[in-house]
$ cat entry25.cif   # mmCIF, C-alpha atoms
data_input
#
loop_
_atom_site.label_atom_id
_atom_site.label_comp_id
_atom_site.auth_asym_id
_atom_site.auth_seq_id
_atom_site.Cartn_x
_atom_site.Cartn_y
_atom_site.Cartn_z
CA MET A 504 107.94 98.78 110.75
CA SER A 505 107.67 98.36 114.51
CA TRP A 506 105.86 101.71 114.65
CA LEU A 507 102.86 100.01 113.04
CA VAL A 508 102.32 98.04 116.25
CA ASP A 509 103.13 100.80 118.73
CA GLY A 510 100.82 101.07 121.72
CA VAL A 511 99.98 104.69 120.90
CA PHE A 512 97.39 105.26 118.17
CA ALA A 513 98.97 108.52 116.98
CA ILE A 514 102.26 106.73 116.30
CA ARG A 515 100.53 103.87 114.46
CA SER A 516 98.60 106.44 112.44
CA ALA A 517 101.73 108.41 111.54
CA ALA A 518 103.54 105.20 110.56
CA THR A 519 100.60 104.24 108.34
CA SER A 520 100.63 107.65 106.65
CA ASN A 521 104.34 107.33 105.93
CA LEU A 522 103.85 104.04 104.06
CA LYS A 523 102.59 105.83 100.97
CA ARG A 524 105.72 107.99 100.78
CA LEU A 525 108.00 105.03 101.36
CA VAL A 526 106.40 103.07 98.53
CA SER A 527 106.64 106.10 96.26
CA ILE A 528 110.35 106.44 97.04
CA PHE A 529 111.47 102.80 97.11
CA GLY A 530 109.05 101.34 94.57
CA LEU A 531 106.48 98.62 94.33
CA GLU A 532 108.89 95.69 94.32
CA TRP A 533 110.42 96.86 97.59
CA ALA A 534 106.94 97.40 99.01
CA GLN A 535 105.80 93.90 98.06
CA ASN A 536 108.87 92.32 99.65
CA THR A 537 108.82 94.32 102.88
CA VAL A 538 105.92 96.61 103.69
CA ILE A 539 102.98 94.77 102.16
CA THR A 540 104.12 91.44 103.58
CA LYS A 541 104.47 92.90 107.08
CA VAL A 542 101.16 94.79 106.93
CA LEU A 543 99.22 91.76 105.70
CA SER A 544 100.75 89.51 108.36
CA MET A 545 99.41 91.88 111.02
CA ALA A 546 95.89 90.77 110.05
CA ARG A 547 96.50 87.62 112.10
CA ASP A 548 97.64 89.50 115.20
CA PRO A 549 95.66 88.69 118.36
CA ASN A 550 95.45 92.40 119.17
CA TYR A 551 92.43 93.85 117.36
CA LEU A 552 94.14 97.27 117.19
CA HIS A 553 96.87 95.74 115.06
CA ARG A 554 94.27 94.12 112.81
CA MET A 555 92.65 97.53 112.40
CA THR A 556 96.05 99.04 111.61
CA THR A 557 96.28 96.47 108.82
CA LEU A 558 93.11 97.93 107.31
CA PHE A 559 94.29 101.52 107.77
CA ALA A 560 97.59 100.65 106.09
CA ILE A 561 95.79 98.95 103.20
CA ASN A 562 93.75 102.14 102.72
CA VAL A 563 96.99 104.08 102.25
CA LEU A 564 98.84 101.44 100.25
CA ALA A 565 95.93 101.02 97.84
CA GLU A 566 96.53 104.60 96.71
CA VAL A 567 99.97 103.68 95.35
CA CYS A 568 99.58 100.01 94.42
CA PRO A 569 98.25 98.82 91.05
CA PRO A 570 94.85 97.10 90.93
CA ASP A 571 96.34 93.63 90.40
CA VAL A 572 98.38 93.89 93.62
CA ILE A 573 95.32 95.09 95.53
CA ALA A 574 93.19 92.25 94.17
CA LYS A 575 95.80 89.51 94.58
CA PHE A 576 97.29 90.36 97.97
CA MET A 577 95.03 92.78 99.82
CA VAL A 578 91.47 91.71 98.98
CA PRO A 579 91.88 88.19 100.44
CA VAL A 580 93.19 89.62 103.71
CA ILE A 581 90.41 92.20 103.89
CA SER A 582 87.84 89.49 103.18
CA ASN A 583 89.22 87.30 105.96
CA LEU A 584 88.96 90.18 108.42
CA ALA A 585 85.24 90.44 107.60
CA ALA A 586 84.73 87.46 109.92
CA ASP A 587 86.60 89.10 112.81
CA ALA A 588 84.99 88.84 116.24
CA VAL A 589 85.38 92.59 116.84
CA PRO A 590 82.67 94.77 115.25
CA ASN A 591 85.07 97.71 114.81
CA VAL A 592 87.29 95.54 112.65
CA ARG A 593 84.31 94.38 110.59
CA PHE A 594 82.98 97.87 109.91
CA ASN A 595 86.47 98.99 108.98
CA VAL A 596 86.54 96.12 106.49
CA ALA A 597 83.47 97.64 104.84
CA LYS A 598 85.07 101.09 104.87
CA THR A 599 88.26 99.73 103.32
CA MET A 600 86.29 97.92 100.64
CA ALA A 601 84.49 101.16 99.83
CA LEU A 602 87.85 102.86 99.35
CA ILE A 603 89.35 100.20 97.08
CA VAL A 604 86.30 99.46 94.90
CA PRO A 605 87.14 102.21 92.37
CA SER A 606 90.54 100.57 91.80
CA LEU A 607 89.25 97.06 91.20
CA ASP A 608 88.05 95.25 88.09
CA SER A 609 84.43 94.17 87.80
CA HIS A 610 85.26 90.47 88.30
CA THR A 611 86.94 91.12 91.67
CA ILE A 612 84.06 93.35 92.73
CA GLU A 613 81.41 90.87 91.68
CA PHE A 614 82.97 87.69 93.07
CA GLN A 615 84.99 88.86 96.07
CA ILE A 616 83.88 92.27 97.29
CA LYS A 617 80.09 92.08 96.86
CA PRO A 618 79.66 88.67 98.54
CA CYS A 619 81.71 89.84 101.50
CA LEU A 620 79.77 93.09 101.82
CA THR A 621 76.47 91.24 101.44
CA LYS A 622 77.44 89.08 104.40
CA LEU A 623 78.42 92.17 106.41
CA HIS A 624 75.07 93.70 105.49
CA GLU A 625 73.49 90.86 107.51
CA ASP A 626 75.72 91.49 110.55
CA GLU A 627 74.08 91.96 113.94
CA ASP A 628 76.03 95.17 114.59
CA MET A 629 74.31 98.32 113.30
CA ASP A 630 77.56 100.08 112.39
CA VAL A 631 78.79 97.10 110.40
CA LYS A 632 75.50 97.00 108.49
CA TYR A 633 75.62 100.74 107.83
CA PHE A 634 79.13 100.76 106.38
CA ALA A 635 78.46 97.57 104.40
CA ASP A 636 75.41 99.22 102.84
CA GLU A 637 77.44 102.34 102.03
CA ALA A 638 80.10 100.23 100.32
CA LEU A 639 77.58 98.07 98.45
CA VAL A 640 76.17 101.20 96.79
CA LEU A 641 79.61 101.80 95.27
CA CYS A 642 79.70 98.29 93.79
CA HIS A 643 76.87 98.88 91.31
#
$ encode --input "entry25.cif" --output "structure tokens"
Amino acid sequence: MSWLVDGVFAIRSAATSNLKRLVSIFGLEWAQNTVITKVLSMARDPNYLHRMTTLFAINVLAEVCPPDVIAKFMVPVISNLAADAVPNVRFNVAKTMALIVPSLDSHTIEFQIKPCLTKLHEDEDMDVKYFADEALVLCH
């Protein structure tokens, strides 16, 4: 798991890609007790690169996790990162939301995803606005 916070992007990226295989091999219960907990805790890291790695890992984990796990554990963390001081983190929040929307129920989309994206739509950063708009289209 230490590879997720490596100083080299290529190593963090490779570690993130491997998460999907690990969850497929060891199962969801193992993932919830180890991988998901670690990944979600990285959202509070002072290093913005580690917070972005959290989002990249969620993108991969969402492919192998059921919708209830995504909604219960991942959506709150993603939503919190929408208020990050770093614009790159915020626009990656919008991109992550766009990726997970197809997996979520209408209630989660309506009451958690859309309000967050609507706020990002009002962001002062052009890239954040752009990706929020792209994700909002998928929510309808």
$ resolve_selection --input "entry25.cif" --expression "the PyMOL selection byres ((chain A and resi 603) around 9)" --output "number ranges by chain"
A: 561-562, 565-566, 570, 573, 578, 598-602, 604-607
$ closest_residue --input "entry25.cif" --among "A:Cys568, A:Ile616, A:Leu531, A:Val580" --to "Leu543 in chain A" --atoms "all atoms listed in the file"
A:Val580
$ atom_distance --input "entry25.cif" --atom1 "CA of Gly530 in chain A" --atom2 "CA of His553 in chain A"
24.5 Å
$ resolve_selection --input "entry25.cif" --expression "the PyMOL selection byres ((chain A and resi 591) around 10)" --output "list of chain:residue names"
A:Tyr551, A:Leu552, A:Met555, A:Asp587, A:Ala588, A:Val589, A:Pro590, A:Val592, A:Arg593, A:Phe594, A:Asn595, A:Val596, A:Asp628, A:Asp630, A:Val631
$ resolve_selection --input "entry25.cif" --expression "the PyMOL selection byres ((chain A and resi 632-636) around 6)" --output "list in words"
Phe594, Ala597, Leu620, Leu623, His624, Asp626, Met629, Asp630, Val631, Glu637, Ala638 and Leu639 of chain A
$ write_last_selection --input "entry25.cif" --atoms "C-alpha atoms" --output "PDB file, in the frame of the given file"
ATOM      1  CA  PHE A 594      82.980  97.870 109.910  1.00  0.00           C
ATOM      2  CA  ALA A 597      83.470  97.640 104.840  1.00  0.00           C
ATOM      3  CA  LEU A 620      79.770  93.090 101.820  1.00  0.00           C
ATOM      4  CA  LEU A 623      78.420  92.170 106.410  1.00  0.00           C
ATOM      5  CA  HIS A 624      75.070  93.700 105.490  1.00  0.00           C
ATOM      6  CA  ASP A 626      75.720  91.490 110.550  1.00  0.00           C
ATOM      7  CA  MET A 629      74.310  98.320 113.300  1.00  0.00           C
ATOM      8  CA  ASP A 630      77.560 100.080 112.390  1.00  0.00           C
ATOM      9  CA  VAL A 631      78.790  97.100 110.400  1.00  0.00           C
ATOM     10  CA  GLU A 637      77.440 102.340 102.030  1.00  0.00           C
ATOM     11  CA  ALA A 638      80.100 100.230 100.320  1.00  0.00           C
ATOM     12  CA  LEU A 639      77.580  98.070  98.450  1.00  0.00           C
TER      13      LEU A 639
END
$ atom_distance --input "entry25.cif" --atom1 "CA of Thr621 in chain A" --atom2 "CA of Val542 in chain A"
25.5 Å
$ atom_distance --input "entry25.cif" --atom1 "CA of Ala585 in chain A" --atom2 "CA of Cys619 in chain A"
7.1 Å
